[in-house]
>>> print(open('start-v3.cif').read())   # mmCIF, C-alpha atoms
data_work
#
loop_
_atom_site.group_PDB
_atom_site.id
_atom_site.type_symbol
_atom_site.label_atom_id
_atom_site.label_comp_id
_atom_site.auth_asym_id
_atom_site.auth_seq_id
_atom_site.Cartn_x
_atom_site.Cartn_y
_atom_site.Cartn_z
ATOM 1 C CA MET A 133 122.286 109.538 145.029
ATOM 2 C CA SER A 134 123.912 111.500 147.848
ATOM 3 C CA THR A 135 122.010 114.471 149.132
ATOM 4 C CA HIS A 136 123.544 117.745 150.135
ATOM 5 C CA GLN A 137 123.198 116.889 153.807
ATOM 6 C CA GLU A 138 125.060 113.597 153.544
ATOM 7 C CA HIS A 139 127.861 115.379 151.794
ATOM 8 C CA ALA A 140 129.747 116.549 154.872
ATOM 9 C CA HIS A 141 130.949 120.093 154.386
ATOM 10 C CA SER A 142 133.605 121.853 156.391
ATOM 11 C CA HIS A 143 134.214 124.697 153.982
ATOM 12 C CA ALA A 144 132.068 127.760 153.642
ATOM 13 C CA SER A 145 129.418 127.420 150.948
ATOM 14 C CA SER A 146 130.690 130.317 148.889
ATOM 15 C CA HIS A 147 131.004 128.242 145.717
ATOM 16 C CA PRO A 148 128.161 127.831 143.247
ATOM 17 C CA PRO A 149 125.698 124.957 143.684
ATOM 18 C CA HIS A 150 127.123 121.513 143.168
ATOM 19 C CA PRO A 151 127.024 120.039 139.692
ATOM 20 C CA THR A 152 124.082 117.712 139.264
ATOM 21 C CA ARG A 153 126.229 114.730 138.427
ATOM 22 C CA GLU A 154 129.598 113.348 139.339
ATOM 23 C CA ASP A 155 132.614 114.208 137.249
ATOM 24 C CA ASN A 156 133.227 111.287 134.944
ATOM 25 C CA ASP A 157 136.963 111.182 135.617
ATOM 26 C CA VAL A 158 136.951 107.426 135.873
ATOM 27 C CA GLU A 159 139.125 104.950 134.030
ATOM 28 C CA LEU A 160 137.977 104.144 130.508
ATOM 29 C CA THR A 161 136.346 100.799 130.035
ATOM 30 C CA TYR A 162 137.876 98.426 127.512
ATOM 31 C CA GLY A 163 135.139 99.310 124.995
ATOM 32 C CA GLU A 164 135.576 103.066 125.463
ATOM 33 C CA ALA A 165 139.338 102.841 125.027
ATOM 34 C CA ARG A 166 138.907 100.737 121.909
ATOM 35 C CA TYR A 167 136.346 103.179 120.517
ATOM 36 C CA LEU A 168 138.655 106.155 121.043
ATOM 37 C CA ALA A 169 141.630 104.323 119.527
ATOM 38 C CA LEU A 170 139.611 103.205 116.509
ATOM 39 C CA LYS A 171 138.159 106.664 115.983
ATOM 40 C CA ALA A 172 141.623 108.248 116.151
ATOM 41 C CA LEU A 173 142.993 105.722 113.647
ATOM 42 C CA LEU A 174 140.125 106.226 111.196
ATOM 43 C CA ILE A 175 140.631 109.971 111.325
ATOM 44 C CA GLU A 176 144.434 109.689 111.037
ATOM 45 C CA LYS A 177 144.110 107.426 107.991
ATOM 46 C CA GLY A 178 141.675 109.838 106.363
ATOM 47 C CA ILE A 179 138.814 107.300 106.209
ATOM 48 C CA VAL A 180 136.453 109.589 108.083
ATOM 49 C CA THR A 181 136.850 113.082 109.409
ATOM 50 C CA ALA A 182 136.116 114.262 112.913
ATOM 51 C CA GLU A 183 133.558 116.587 111.348
ATOM 52 C CA GLU A 184 131.706 113.656 109.752
ATOM 53 C CA ILE A 185 131.540 111.833 113.080
ATOM 54 C CA ARG A 186 130.272 114.956 114.800
ATOM 55 C CA LYS A 187 127.648 115.487 112.106
ATOM 56 C CA GLN A 188 126.380 111.930 112.442
ATOM 57 C CA LEU A 189 126.061 112.421 116.185
ATOM 58 C CA GLU A 190 124.102 115.569 115.395
ATOM 59 C CA VAL A 191 121.730 113.534 113.219
ATOM 60 C CA ASN A 192 121.146 111.203 116.148
ATOM 61 C CA GLU A 193 120.627 114.216 118.418
ATOM 62 C CA ARG A 194 118.051 115.643 116.005
ATOM 63 C CA GLY A 195 115.649 112.852 116.814
ATOM 64 C CA LYS A 196 113.073 113.567 119.505
ATOM 65 C CA PRO A 197 110.176 111.498 120.838
ATOM 66 C CA GLU A 198 107.961 114.520 120.107
ATOM 67 C CA GLN A 199 108.519 113.933 116.389
ATOM 68 C CA GLY A 200 107.055 110.451 116.681
ATOM 69 C CA ALA A 201 104.206 111.874 118.751
ATOM 70 C CA ARG A 202 103.424 114.329 115.941
ATOM 71 C CA MET A 203 103.121 111.445 113.484
ATOM 72 C CA VAL A 204 100.803 109.581 115.856
ATOM 73 C CA ALA A 205 98.576 112.627 116.375
ATOM 74 C CA ARG A 206 98.371 113.217 112.631
ATOM 75 C CA ALA A 207 97.436 109.562 112.079
ATOM 76 C CA TRP A 208 94.669 109.914 114.675
ATOM 77 C CA VAL A 209 93.082 112.886 112.930
ATOM 78 C CA ASP A 210 93.797 111.982 109.305
ATOM 79 C CA PRO A 211 92.845 108.434 108.218
ATOM 80 C CA ASP A 212 94.566 108.837 104.849
ATOM 81 C CA PHE A 213 97.823 109.854 106.515
ATOM 82 C CA LYS A 214 97.462 106.840 108.817
ATOM 83 C CA LYS A 215 97.144 104.551 105.778
ATOM 84 C CA ARG A 216 100.292 106.008 104.264
ATOM 85 C CA MET A 217 102.112 105.800 107.591
ATOM 86 C CA LEU A 218 101.250 102.118 108.022
ATOM 87 C CA ALA A 219 102.355 101.436 104.448
ATOM 88 C CA ASP A 220 105.647 103.361 104.738
ATOM 89 C CA ALA A 221 106.307 105.380 107.873
ATOM 90 C CA LYS A 222 109.562 106.787 106.516
ATOM 91 C CA THR A 223 107.828 108.473 103.589
ATOM 92 C CA ALA A 224 104.930 109.571 105.796
ATOM 93 C CA ALA A 225 107.395 111.269 108.151
ATOM 94 C CA LEU A 226 108.617 113.417 105.269
ATOM 95 C CA GLU A 227 105.118 114.849 104.875
ATOM 96 C CA LEU A 228 105.626 116.397 108.314
ATOM 97 C CA ASP A 229 109.123 117.558 107.342
ATOM 98 C CA LEU A 230 110.657 114.835 109.501
ATOM 99 C CA GLU A 231 113.638 113.274 107.811
ATOM 100 C CA VAL A 232 114.230 109.659 108.761
ATOM 101 C CA THR A 233 117.710 108.525 107.751
ATOM 102 C CA ASP A 234 117.342 104.940 108.974
ATOM 103 C CA ALA A 235 116.996 102.367 106.143
ATOM 104 C CA GLY A 236 113.315 101.781 106.737
ATOM 105 C CA LEU A 237 110.709 102.708 109.297
ATOM 106 C CA LEU A 238 107.667 100.603 110.084
ATOM 107 C CA ALA A 239 104.760 101.772 112.214
ATOM 108 C CA MET A 240 103.003 98.961 114.059
ATOM 109 C CA GLU A 241 99.404 99.737 114.856
ATOM 110 C CA ASN A 242 97.891 98.874 118.211
ATOM 111 C CA THR A 243 94.278 97.734 117.852
ATOM 112 C CA PRO A 244 91.654 96.411 120.268
ATOM 113 C CA SER A 245 93.052 92.941 119.492
ATOM 114 C CA VAL A 246 96.837 93.538 119.143
ATOM 115 C CA HIS A 247 99.383 95.266 121.381
ATOM 116 C CA ASN A 248 102.843 95.803 119.883
ATOM 117 C CA LEU A 249 106.146 95.937 121.751
ATOM 118 C CA ILE A 250 109.509 96.829 120.198
ATOM 119 C CA VAL A 251 112.877 95.428 121.242
ATOM 120 C CA CYS A 252 116.298 94.908 119.696
ATOM 121 C CA THR A 253 117.674 91.722 121.226
ATOM 122 C CA LEU A 254 121.037 91.825 119.447
ATOM 123 C CA CYS A 255 122.056 95.421 120.186
ATOM 124 C CA SER A 256 120.073 98.628 120.489
ATOM 125 C CA CYS A 257 118.523 99.315 117.069
ATOM 126 C CA TYR A 258 116.079 102.198 117.380
ATOM 127 C CA PRO A 259 114.822 104.869 114.948
ATOM 128 C CA ARG A 260 117.277 107.407 116.319
ATOM 129 C CA SER A 261 116.950 109.908 113.482
ATOM 130 C CA LEU A 262 113.238 110.220 114.316
ATOM 131 C CA LEU A 263 113.032 109.547 118.058
ATOM 132 C CA GLY A 264 116.553 110.275 119.297
ATOM 133 C CA GLU A 265 118.416 108.040 121.709
ATOM 134 C CA PRO A 266 116.439 105.155 123.195
ATOM 135 C CA PRO A 267 115.616 105.024 126.895
ATOM 136 C CA ALA A 268 118.311 103.449 129.079
ATOM 137 C CA TRP A 269 116.154 100.426 129.861
ATOM 138 C CA TYR A 270 115.721 99.725 126.125
ATOM 139 C CA VAL A 271 119.428 98.995 125.721
ATOM 140 C CA SER A 272 119.723 97.003 128.971
ATOM 141 C CA LYS A 273 120.392 93.285 128.597
ATOM 142 C CA ALA A 274 117.519 92.586 130.981
ATOM 143 C CA TYR A 275 114.964 94.249 128.694
ATOM 144 C CA ARG A 276 116.519 92.888 125.498
ATOM 145 C CA SER A 277 116.398 89.297 126.714
ATOM 146 C CA ARG A 278 113.119 89.435 128.630
ATOM 147 C CA ALA A 279 110.958 91.405 126.167
ATOM 148 C CA VAL A 280 110.977 88.462 123.734
ATOM 149 C CA ARG A 281 110.831 85.756 126.402
ATOM 150 C CA GLU A 282 108.207 87.120 128.808
ATOM 151 C CA PRO A 283 106.740 90.294 127.287
ATOM 152 C CA ARG A 284 103.592 90.272 129.395
ATOM 153 C CA LYS A 285 105.588 90.174 132.599
ATOM 154 C CA VAL A 286 107.831 92.993 131.353
ATOM 155 C CA LEU A 287 104.756 95.053 130.421
ATOM 156 C CA ARG A 288 103.227 94.445 133.861
ATOM 157 C CA GLU A 289 106.408 95.845 135.380
ATOM 158 C CA PHE A 290 105.777 98.974 133.301
ATOM 159 C CA GLY A 291 102.292 99.063 134.813
ATOM 160 C CA LEU A 292 100.605 97.794 131.684
ATOM 161 C CA VAL A 293 98.346 94.758 132.017
ATOM 162 C CA ILE A 294 97.342 93.414 128.606
ATOM 163 C CA PRO A 295 94.179 91.262 128.736
ATOM 164 C CA ASP A 296 94.496 87.679 127.506
ATOM 165 C CA ASP A 297 92.117 88.324 124.614
ATOM 166 C CA VAL A 298 94.603 90.856 123.199
ATOM 167 C CA GLU A 299 97.548 89.431 121.254
ATOM 168 C CA VAL A 300 100.933 90.698 122.408
ATOM 169 C CA ARG A 301 103.104 91.007 119.307
ATOM 170 C CA VAL A 302 106.797 91.534 119.930
ATOM 171 C CA HIS A 303 108.958 92.990 117.159
ATOM 172 C CA ASP A 304 112.649 92.139 117.309
ATOM 173 C CA SER A 305 114.353 95.030 115.510
ATOM 174 C CA ASN A 306 117.337 92.924 114.553
ATOM 175 C CA ALA A 307 118.272 94.009 111.039
ATOM 176 C CA ASP A 308 117.513 96.878 108.633
ATOM 177 C CA MET A 309 114.015 98.027 109.641
ATOM 178 C CA ARG A 310 113.326 100.412 112.468
ATOM 179 C CA TYR A 311 110.053 100.432 114.374
ATOM 180 C CA MET A 312 107.598 102.656 116.127
ATOM 181 C CA VAL A 313 104.243 101.811 117.663
ATOM 182 C CA LEU A 314 101.123 103.644 116.590
ATOM 183 C CA PRO A 315 99.061 103.567 119.786
ATOM 184 C CA MET A 316 95.277 103.744 119.906
ATOM 185 C CA ARG A 317 93.717 107.129 120.423
ATOM 186 C CA PRO A 318 92.475 107.364 124.021
ATOM 187 C CA GLU A 319 88.796 107.832 124.735
ATOM 188 C CA GLY A 320 87.639 111.284 125.704
ATOM 189 C CA THR A 321 89.938 113.048 123.256
ATOM 190 C CA GLU A 322 87.246 114.081 120.793
ATOM 191 C CA GLY A 323 87.655 117.706 119.862
ATOM 192 C CA MET A 324 91.277 117.936 120.980
ATOM 193 C CA SER A 325 93.676 119.690 118.615
ATOM 194 C CA GLU A 326 96.449 117.788 116.899
ATOM 195 C CA ALA A 327 99.045 119.435 119.157
ATOM 196 C CA GLU A 328 97.058 118.545 122.261
ATOM 197 C CA LEU A 329 96.784 114.957 121.053
ATOM 198 C CA ALA A 330 100.530 114.794 120.422
ATOM 199 C CA SER A 331 101.181 115.868 124.009
ATOM 200 C CA LEU A 332 99.482 112.662 125.221
ATOM 201 C CA VAL A 333 102.042 110.468 123.439
ATOM 202 C CA THR A 334 105.255 109.854 125.353
ATOM 203 C CA ARG A 335 108.442 108.143 124.246
ATOM 204 C CA ASP A 336 107.484 104.888 125.980
ATOM 205 C CA CYS A 337 104.177 104.794 124.053
ATOM 206 C CA LEU A 338 106.186 104.687 120.827
ATOM 207 C CA VAL A 339 107.988 101.532 121.987
ATOM 208 C CA GLY A 340 104.791 99.923 123.279
ATOM 209 C CA ALA A 341 105.783 100.068 126.946
ATOM 210 C CA ALA A 342 103.008 102.520 127.790
ATOM 211 C CA LEU A 343 99.674 103.780 126.556
ATOM 212 C CA PRO A 344 98.945 107.422 125.738
ATOM 213 C CA ARG A 345 97.907 109.509 128.684
ATOM 214 C CA LYS A 346 94.202 110.061 129.027
ATOM 215 C CA PRO A 347 93.221 113.720 128.969
ATOM 216 C CA ASN A 348 93.240 115.335 132.414
ATOM 217 C CA ALA A 349 94.912 112.246 133.880
ATOM 218 C CA MET B 119 121.107 81.181 98.277
ATOM 219 C CA SER B 120 119.818 80.882 94.749
ATOM 220 C CA PRO B 121 118.902 84.331 93.470
ATOM 221 C CA GLU B 122 116.645 82.760 90.826
ATOM 222 C CA ARG B 123 114.298 81.273 93.364
ATOM 223 C CA ALA B 124 110.969 83.098 93.546
ATOM 224 C CA PRO B 125 110.610 85.301 96.610
ATOM 225 C CA TYR B 126 108.610 83.986 99.536
ATOM 226 C CA ALA B 127 105.078 85.325 99.500
ATOM 227 C CA PRO B 128 103.422 86.636 102.635
ATOM 228 C CA GLY B 129 101.893 83.666 104.436
ATOM 229 C CA ALA B 130 104.559 81.211 103.232
ATOM 230 C CA ARG B 131 105.715 78.755 105.874
ATOM 231 C CA VAL B 132 109.449 78.871 106.368
ATOM 232 C CA ARG B 133 112.023 77.292 108.608
ATOM 233 C CA ILE B 134 114.979 79.244 109.895
ATOM 234 C CA VAL B 135 118.115 77.299 109.093
ATOM 235 C CA ASN B 136 121.027 77.204 111.487
ATOM 236 C CA LEU B 137 124.020 78.334 109.478
ATOM 237 C CA ASP B 138 126.140 78.172 112.610
ATOM 238 C CA LYS B 139 128.146 81.010 111.191
ATOM 239 C CA PRO B 140 130.434 83.233 113.249
ATOM 240 C CA GLY B 141 130.592 87.004 112.912
ATOM 241 C CA HIS B 142 128.068 89.778 112.620
ATOM 242 C CA VAL B 143 125.013 87.587 112.036
ATOM 243 C CA ARG B 144 121.569 89.052 112.632
ATOM 244 C CA THR B 145 119.668 85.820 113.242
ATOM 245 C CA PRO B 146 119.443 85.267 116.984
ATOM 246 C CA MET B 147 119.681 81.770 118.429
ATOM 247 C CA TYR B 148 116.122 81.715 119.720
ATOM 248 C CA VAL B 149 114.580 81.588 116.218
ATOM 249 C CA ARG B 150 116.997 79.103 114.635
ATOM 250 C CA GLU B 151 115.424 75.816 113.480
ATOM 251 C CA GLN B 152 111.983 77.307 114.175
ATOM 252 C CA VAL B 153 109.037 77.357 111.761
ATOM 253 C CA GLY B 154 107.222 80.612 111.109
ATOM 254 C CA ILE B 155 105.144 82.471 108.547
ATOM 255 C CA VAL B 156 106.455 85.169 106.217
ATOM 256 C CA GLU B 157 104.779 88.405 107.306
ATOM 257 C CA ARG B 158 106.169 90.628 104.550
ATOM 258 C CA TYR B 159 109.069 91.177 102.243
ATOM 259 C CA CYS B 160 111.043 94.254 103.344
ATOM 260 C CA GLY B 161 113.212 94.871 100.282
ATOM 261 C CA ASP B 162 116.773 94.056 99.273
ATOM 262 C CA PHE B 163 119.693 95.031 101.445
ATOM 263 C CA GLU B 164 123.401 94.493 101.564
ATOM 264 C CA ASN B 165 124.284 91.520 103.723
ATOM 265 C CA PRO B 166 125.339 92.789 107.166
ATOM 266 C CA GLU B 167 127.454 89.653 107.554
ATOM 267 C CA GLU B 168 129.655 91.119 104.792
ATOM 268 C CA ARG B 169 129.209 94.816 105.409
ATOM 269 C CA ALA B 170 130.342 94.528 109.010
ATOM 270 C CA TYR B 171 133.783 93.563 107.728
ATOM 271 C CA GLY B 172 134.118 96.353 105.202
ATOM 272 C CA ARG B 173 132.913 94.305 102.233
ATOM 273 C CA VAL B 174 130.483 96.889 100.941
ATOM 274 C CA GLY B 175 128.783 97.144 97.556
ATOM 275 C CA ARG B 176 128.092 93.425 97.195
ATOM 276 C CA PRO B 177 124.824 92.190 95.659
ATOM 277 C CA ARG B 178 121.805 92.901 97.785
ATOM 278 C CA ILE B 179 119.817 90.095 99.339
ATOM 279 C CA ARG B 180 116.162 89.754 100.211
ATOM 280 C CA LEU B 181 114.993 90.598 103.682
ATOM 281 C CA TYR B 182 111.739 89.297 105.149
ATOM 282 C CA ARG B 183 109.811 89.648 108.356
ATOM 283 C CA VAL B 184 108.810 86.299 109.810
ATOM 284 C CA ARG B 185 106.102 85.749 112.405
ATOM 285 C CA PHE B 186 106.313 83.040 115.055
ATOM 286 C CA ASN B 187 103.943 81.789 117.702
ATOM 287 C CA GLN B 188 105.509 82.541 121.056
ATOM 288 C CA HIS B 189 104.568 79.080 122.318
ATOM 289 C CA ASP B 190 106.656 77.553 119.510
ATOM 290 C CA LEU B 191 109.694 79.621 120.492
ATOM 291 C CA TRP B 192 109.391 79.083 124.233
ATOM 292 C CA PRO B 193 107.744 75.826 125.367
ATOM 293 C CA ASP B 194 106.963 77.315 128.783
ATOM 294 C CA TYR B 195 105.780 80.678 127.426
ATOM 295 C CA ASP B 196 103.434 82.413 129.873
ATOM 296 C CA GLY B 197 100.643 83.936 127.832
ATOM 297 C CA PRO B 198 97.766 83.118 125.488
ATOM 298 C CA GLU B 199 98.220 81.008 122.359
ATOM 299 C CA SER B 200 97.645 84.073 120.195
ATOM 300 C CA ASP B 201 100.855 85.876 121.260
ATOM 301 C CA THR B 202 103.401 86.276 118.481
ATOM 302 C CA LEU B 203 106.880 87.542 117.703
ATOM 303 C CA GLU B 204 108.083 89.057 114.438
ATOM 304 C CA ILE B 205 111.681 89.373 113.343
ATOM 305 C CA GLU B 206 113.662 90.229 110.198
ATOM 306 C CA ILE B 207 115.423 87.340 108.498
ATOM 307 C CA TYR B 208 117.660 87.477 105.422
ATOM 308 C CA ASP B 209 116.868 85.079 102.607
ATOM 309 C CA HIS B 210 119.824 82.725 103.101
ATOM 310 C CA TRP B 211 118.634 81.871 106.619
ATOM 311 C CA LEU B 212 115.282 80.609 105.280
ATOM 312 C CA ARG B 213 114.056 77.442 103.615
ATOM 313 C CA PRO B 214 110.496 76.468 102.725
ATOM 314 C CA ALA B 215 108.698 74.478 105.407
ATOM 315 C CA GLY B 216 106.189 71.814 104.386
ATOM 316 C CA PRO B 217 102.592 71.986 105.588
ATOM 317 C CA GLY B 218 103.151 69.126 108.035
ATOM 318 C CA GLU B 219 106.380 70.526 109.446
ATOM 319 C CA THR B 220 106.080 71.748 112.972
ATOM 320 C CA ALA B 221 108.345 73.904 115.023
#
>>> encode(input="start-v3.cif", output="structure tokens")
Amino acid sequence: MSTHQEHAHSHASSHPPHPTREDNDVELTYGEARYLALKALLIEKGIVTAEEIRKQLEVNERGKPEQGARMVARAWVDPDFKKRMLADAKTAALELDLEVTDAGLLAMENTPSVHNLIVCTLCSCYPRSLLGEPPAWYVSKAYRSRAVREPRKVLREFGLVIPDDVEVRVHDSNADMRYMVLPMRPEGTEGMSEAELASLVTRDCLVGAALPRKPNA
Amino acid sequence: MSPERAPYAPGARVRIVNLDKPGHVRTPMYVREQVGIVERYCGDFENPEERAYGRVGRPRIRLYRVRFNQHDLWPDYDGPESDTLEIEIYDHWLRPAGPGETA
């Protein structure tokens, strides 16, 4: 990324600070052009409305990693909730007023003997209505192909070394289910409130690419 | 697919068939012809191979999660024997695998 200094200026700096990203006035890719054409046709033919498309995007925007973190924290403090969440995470989410509109949601529990990692090799399936848009690396072809083929190496690149006596279990989210990881509660978190516990759980923890932060770390 | 056939129970050994079908199929190449174990039945869903082409409202089909040993999928897999992979497979991509059948 170019810094302010590299950006040779001859004019007086009377204008507001630079925007933080480049204008995207580039040529459309083939896929973008096709998407816009298809969308315009569907609207013109009355099959969907622009409002419906916007609303669906809003549903996707509603998702936030913090919502998944809330479910994890609740599962850590409430064993009965955890049971229900492992049986049907979509219904369990509703108990926290979190509406999951994906077909199904499965929570995969990390244990001392199993570490779970989520990937969608075929596209970018992700529980968007709960967690929002996936991280950029999740949709990259490199991650999608390597997470199934060499998950331990991928995890090491995330800084996560899984011992050989722990099974690495990869979940290819290829069809109708959506997935989240229920990480293990870190040591030294006894007595923390549910909200404090939730703050330890980042987006990457919910995919299995990271472990919850230890308190004061 | 014969709808009358009893559903696969968790633990059933199955082989992924290679339907060699074009279109919006959800069975990636790396599990085709492989032998795994049914992990759970997920419910009945419309077939995405039909839905993707606007053919909605057709009879629902069974969806399962199947577990594989990573070393069966990738002969040179770098990791312990216990590592596994789980993936969703629609009923018509599955056939029973005999006890002696290997990957």
>>> closest_residue(input="start-v3.cif", among="A:Ser272, A:Thr321, A:Thr334, A:Thr253", to="chain B", atoms="all atoms listed in the file")
A:Thr253
>>> axis_aligned_box(input="start-v3.cif", around="region 320-332 of chain A", padding_each_side="6 Å", output="JSON")
{"center_x": 94.2, "center_y": 115.5, "center_z": 121.3, "size_x": 25.9, "size_y": 20.4, "size_z": 20.8}
>>> residues_around(input="start-v3.cif", residues="region 232-249 of chain A", least_positions_apart="6", cutoff="8 Å", atoms="all atoms listed in the file", output="PDB file with C-alpha atoms, in the coordinates of the input")
ATOM      1  CA  MET A 217     102.112 105.800 107.591  1.00  0.00           C
ATOM      2  CA  LEU A 218     101.250 102.118 108.022  1.00  0.00           C
ATOM      3  CA  ALA A 219     102.355 101.436 104.448  1.00  0.00           C
ATOM      4  CA  ASP A 220     105.647 103.361 104.738  1.00  0.00           C
ATOM      5  CA  ALA A 221     106.307 105.380 107.873  1.00  0.00           C
ATOM      6  CA  LYS A 222     109.562 106.787 106.516  1.00  0.00           C
ATOM      7  CA  ALA A 225     107.395 111.269 108.151  1.00  0.00           C
ATOM      8  CA  LEU A 226     108.617 113.417 105.269  1.00  0.00           C
ATOM      9  CA  PRO A 259     114.822 104.869 114.948  1.00  0.00           C
ATOM     10  CA  ARG A 260     117.277 107.407 116.319  1.00  0.00           C
ATOM     11  CA  SER A 261     116.950 109.908 113.482  1.00  0.00           C
ATOM     12  CA  LEU A 262     113.238 110.220 114.316  1.00  0.00           C
ATOM     13  CA  ALA A 279     110.958  91.405 126.167  1.00  0.00           C
ATOM     14  CA  PRO A 283     106.740  90.294 127.287  1.00  0.00           C
ATOM     15  CA  ILE A 294      97.342  93.414 128.606  1.00  0.00           C
ATOM     16  CA  ASP A 297      92.117  88.324 124.614  1.00  0.00           C
ATOM     17  CA  VAL A 298      94.603  90.856 123.199  1.00  0.00           C
ATOM     18  CA  GLU A 299      97.548  89.431 121.254  1.00  0.00           C
ATOM     19  CA  VAL A 300     100.933  90.698 122.408  1.00  0.00           C
ATOM     20  CA  ARG A 301     103.104  91.007 119.307  1.00  0.00           C
ATOM     21  CA  VAL A 302     106.797  91.534 119.930  1.00  0.00           C
ATOM     22  CA  HIS A 303     108.958  92.990 117.159  1.00  0.00           C
ATOM     23  CA  ASP A 308     117.513  96.878 108.633  1.00  0.00           C
ATOM     24  CA  MET A 309     114.015  98.027 109.641  1.00  0.00           C
ATOM     25  CA  ARG A 310     113.326 100.412 112.468  1.00  0.00           C
ATOM     26  CA  TYR A 311     110.053 100.432 114.374  1.00  0.00           C
ATOM     27  CA  MET A 312     107.598 102.656 116.127  1.00  0.00           C
ATOM     28  CA  VAL A 313     104.243 101.811 117.663  1.00  0.00           C
ATOM     29  CA  LEU A 314     101.123 103.644 116.590  1.00  0.00           C
ATOM     30  CA  PRO A 315      99.061 103.567 119.786  1.00  0.00           C
ATOM     31  CA  MET A 316      95.277 103.744 119.906  1.00  0.00           C
ATOM     32  CA  VAL A 339     107.988 101.532 121.987  1.00  0.00           C
ATOM     33  CA  GLY A 340     104.791  99.923 123.279  1.00  0.00           C
ATOM     34  CA  ALA A 341     105.783 100.068 126.946  1.00  0.00           C
TER      35      ALA A 341
END
>>> closest_residue(input="start-v3.cif", among="B:Pro177, B:Glu151, B:Arg144, B:Asn165", to="chain A", atoms="only C-alpha atoms")
B:Arg144
>>> closest_atom_pairs(input="start-v3.cif", of="chain B", to="chain A", cutoff="12 Å", atoms="all atoms listed in the file", output="Markdown table")
| residue | atom | partner | partner_atom | distance |
| --- | --- | --- | --- | --- |
| B:His142 | CA | A:Leu254 | CA | 10.0 |
| B:Val143 | CA | A:Ala307 | CA | 9.4 |
| B:Arg144 | CA | A:Asn306 | CA | 6.0 |
| B:Thr145 | CA | A:Asn306 | CA | 7.6 |
| B:Pro146 | CA | A:Leu254 | CA | 7.2 |
| B:Met147 | CA | A:Leu254 | CA | 10.2 |
| B:Tyr148 | CA | A:Val280 | CA | 9.4 |
| B:Val149 | CA | A:Asp304 | CA | 10.8 |
| B:Glu157 | CA | A:His303 | CA | 11.6 |
| B:Arg158 | CA | A:Ala219 | CA | 11.5 |
| B:Tyr159 | CA | A:Met309 | CA | 11.2 |
| B:Cys160 | CA | A:Met309 | CA | 7.9 |
| B:Gly161 | CA | A:Gly236 | CA | 9.5 |
| B:Asp162 | CA | A:Asp308 | CA | 9.8 |
| B:Phe163 | CA | A:Asp308 | CA | 7.7 |
| B:Glu164 | CA | A:Asp308 | CA | 9.5 |
| B:Asn165 | CA | A:Ala307 | CA | 9.8 |
| B:Pro166 | CA | A:Ala307 | CA | 8.2 |
| B:Glu167 | CA | A:Ala307 | CA | 10.7 |
| B:Gly172 | CA | A:Ile179 | CA | 12.0 |
| B:Ile179 | CA | A:Asp308 | CA | 11.7 |
| B:Arg180 | CA | A:Asp308 | CA | 11.1 |
| B:Leu181 | CA | A:Asp308 | CA | 8.4 |
| B:Tyr182 | CA | A:Ala307 | CA | 10.0 |
| B:Arg183 | CA | A:His303 | CA | 9.5 |
| B:Val184 | CA | A:His303 | CA | 9.9 |
| B:Arg185 | CA | A:His303 | CA | 9.1 |
| B:Phe186 | CA | A:Arg301 | CA | 9.6 |
| B:Asn187 | CA | A:Arg301 | CA | 9.4 |
| B:Gln188 | CA | A:Arg281 | CA | 8.2 |
| B:His189 | CA | A:Arg281 | CA | 10.0 |
| B:Asp190 | CA | A:Arg281 | CA | 11.5 |
| B:Leu191 | CA | A:Arg281 | CA | 8.6 |
| B:Trp192 | CA | A:Arg281 | CA | 7.2 |
| B:Pro193 | CA | A:Arg281 | CA | 10.5 |
| B:Asp194 | CA | A:Arg281 | CA | 9.6 |
| B:Tyr195 | CA | A:Glu282 | CA | 7.0 |
| B:Asp196 | CA | A:Glu282 | CA | 6.8 |
| B:Gly197 | CA | A:Arg284 | CA | 7.2 |
| B:Pro198 | CA | A:Asp296 | CA | 6.0 |
| B:Glu199 | CA | A:Glu299 | CA | 8.5 |
| B:Ser200 | CA | A:Glu299 | CA | 5.5 |
| B:Asp201 | CA | A:Glu299 | CA | 4.9 |
| B:Thr202 | CA | A:Arg301 | CA | 4.8 |
| B:Leu203 | CA | A:Val302 | CA | 4.6 |
| B:Glu204 | CA | A:His303 | CA | 4.9 |
| B:Ile205 | CA | A:Asp304 | CA | 4.9 |
| B:Glu206 | CA | A:Ala307 | CA | 6.0 |
| B:Ile207 | CA | A:Ala307 | CA | 7.7 |
| B:Tyr208 | CA | A:Ala307 | CA | 8.6 |
>>> atom_distance(input="start-v3.cif", atom1="CA of Pro125 (chain B)", atom2="CA of Gly218 (chain B)")
21.2 Å
>>> atom_distance(input="start-v3.cif", atom1="CA of Asp138 (chain B)", atom2="CA of Gly175 (chain B)")
24.4 Å
>>> atom_distance(input="start-v3.cif", atom1="CA of Pro211 (chain A)", atom2="CA of Pro128 (chain B)")
24.9 Å
>>> closest_residue(input="start-v3.cif", among="B:Arg150, B:Thr220, B:Ala215, B:Ala170", to="Gly129 (chain B)", atoms="only C-alpha atoms")
B:Ala215
>>> resolve_selection(input="start-v3.cif", expression="the PyMOL selection byres ((chain B and resi 130-135) around 8)", output="list in words")
Tyr126, Ala127, Pro128, Gly129, Asn136, Leu137, Val149, Arg150, Glu151, Gln152, Val153, Gly154, Ile155, Val156, Trp211, Leu212, Arg213, Pro214, Ala215, Gly216 and Pro217 of chain B
>>> resolve_selection(input="start-v3.cif", expression="the PyMOL selection byres ((chain A and resi 330) around 10)", output="JSON, numbers by chain")
{"A": [198, 199, 200, 201, 202, 203, 204, 205, 206, 208, 324, 325, 326, 327, 328, 329, 331, 332, 333, 334, 344]}
>>> closest_residue(input="start-v3.cif", among="B:His210, B:Val174, B:Glu219, B:Lys139", to="Arg123 (chain B)", atoms="all atoms listed in the file")
B:His210
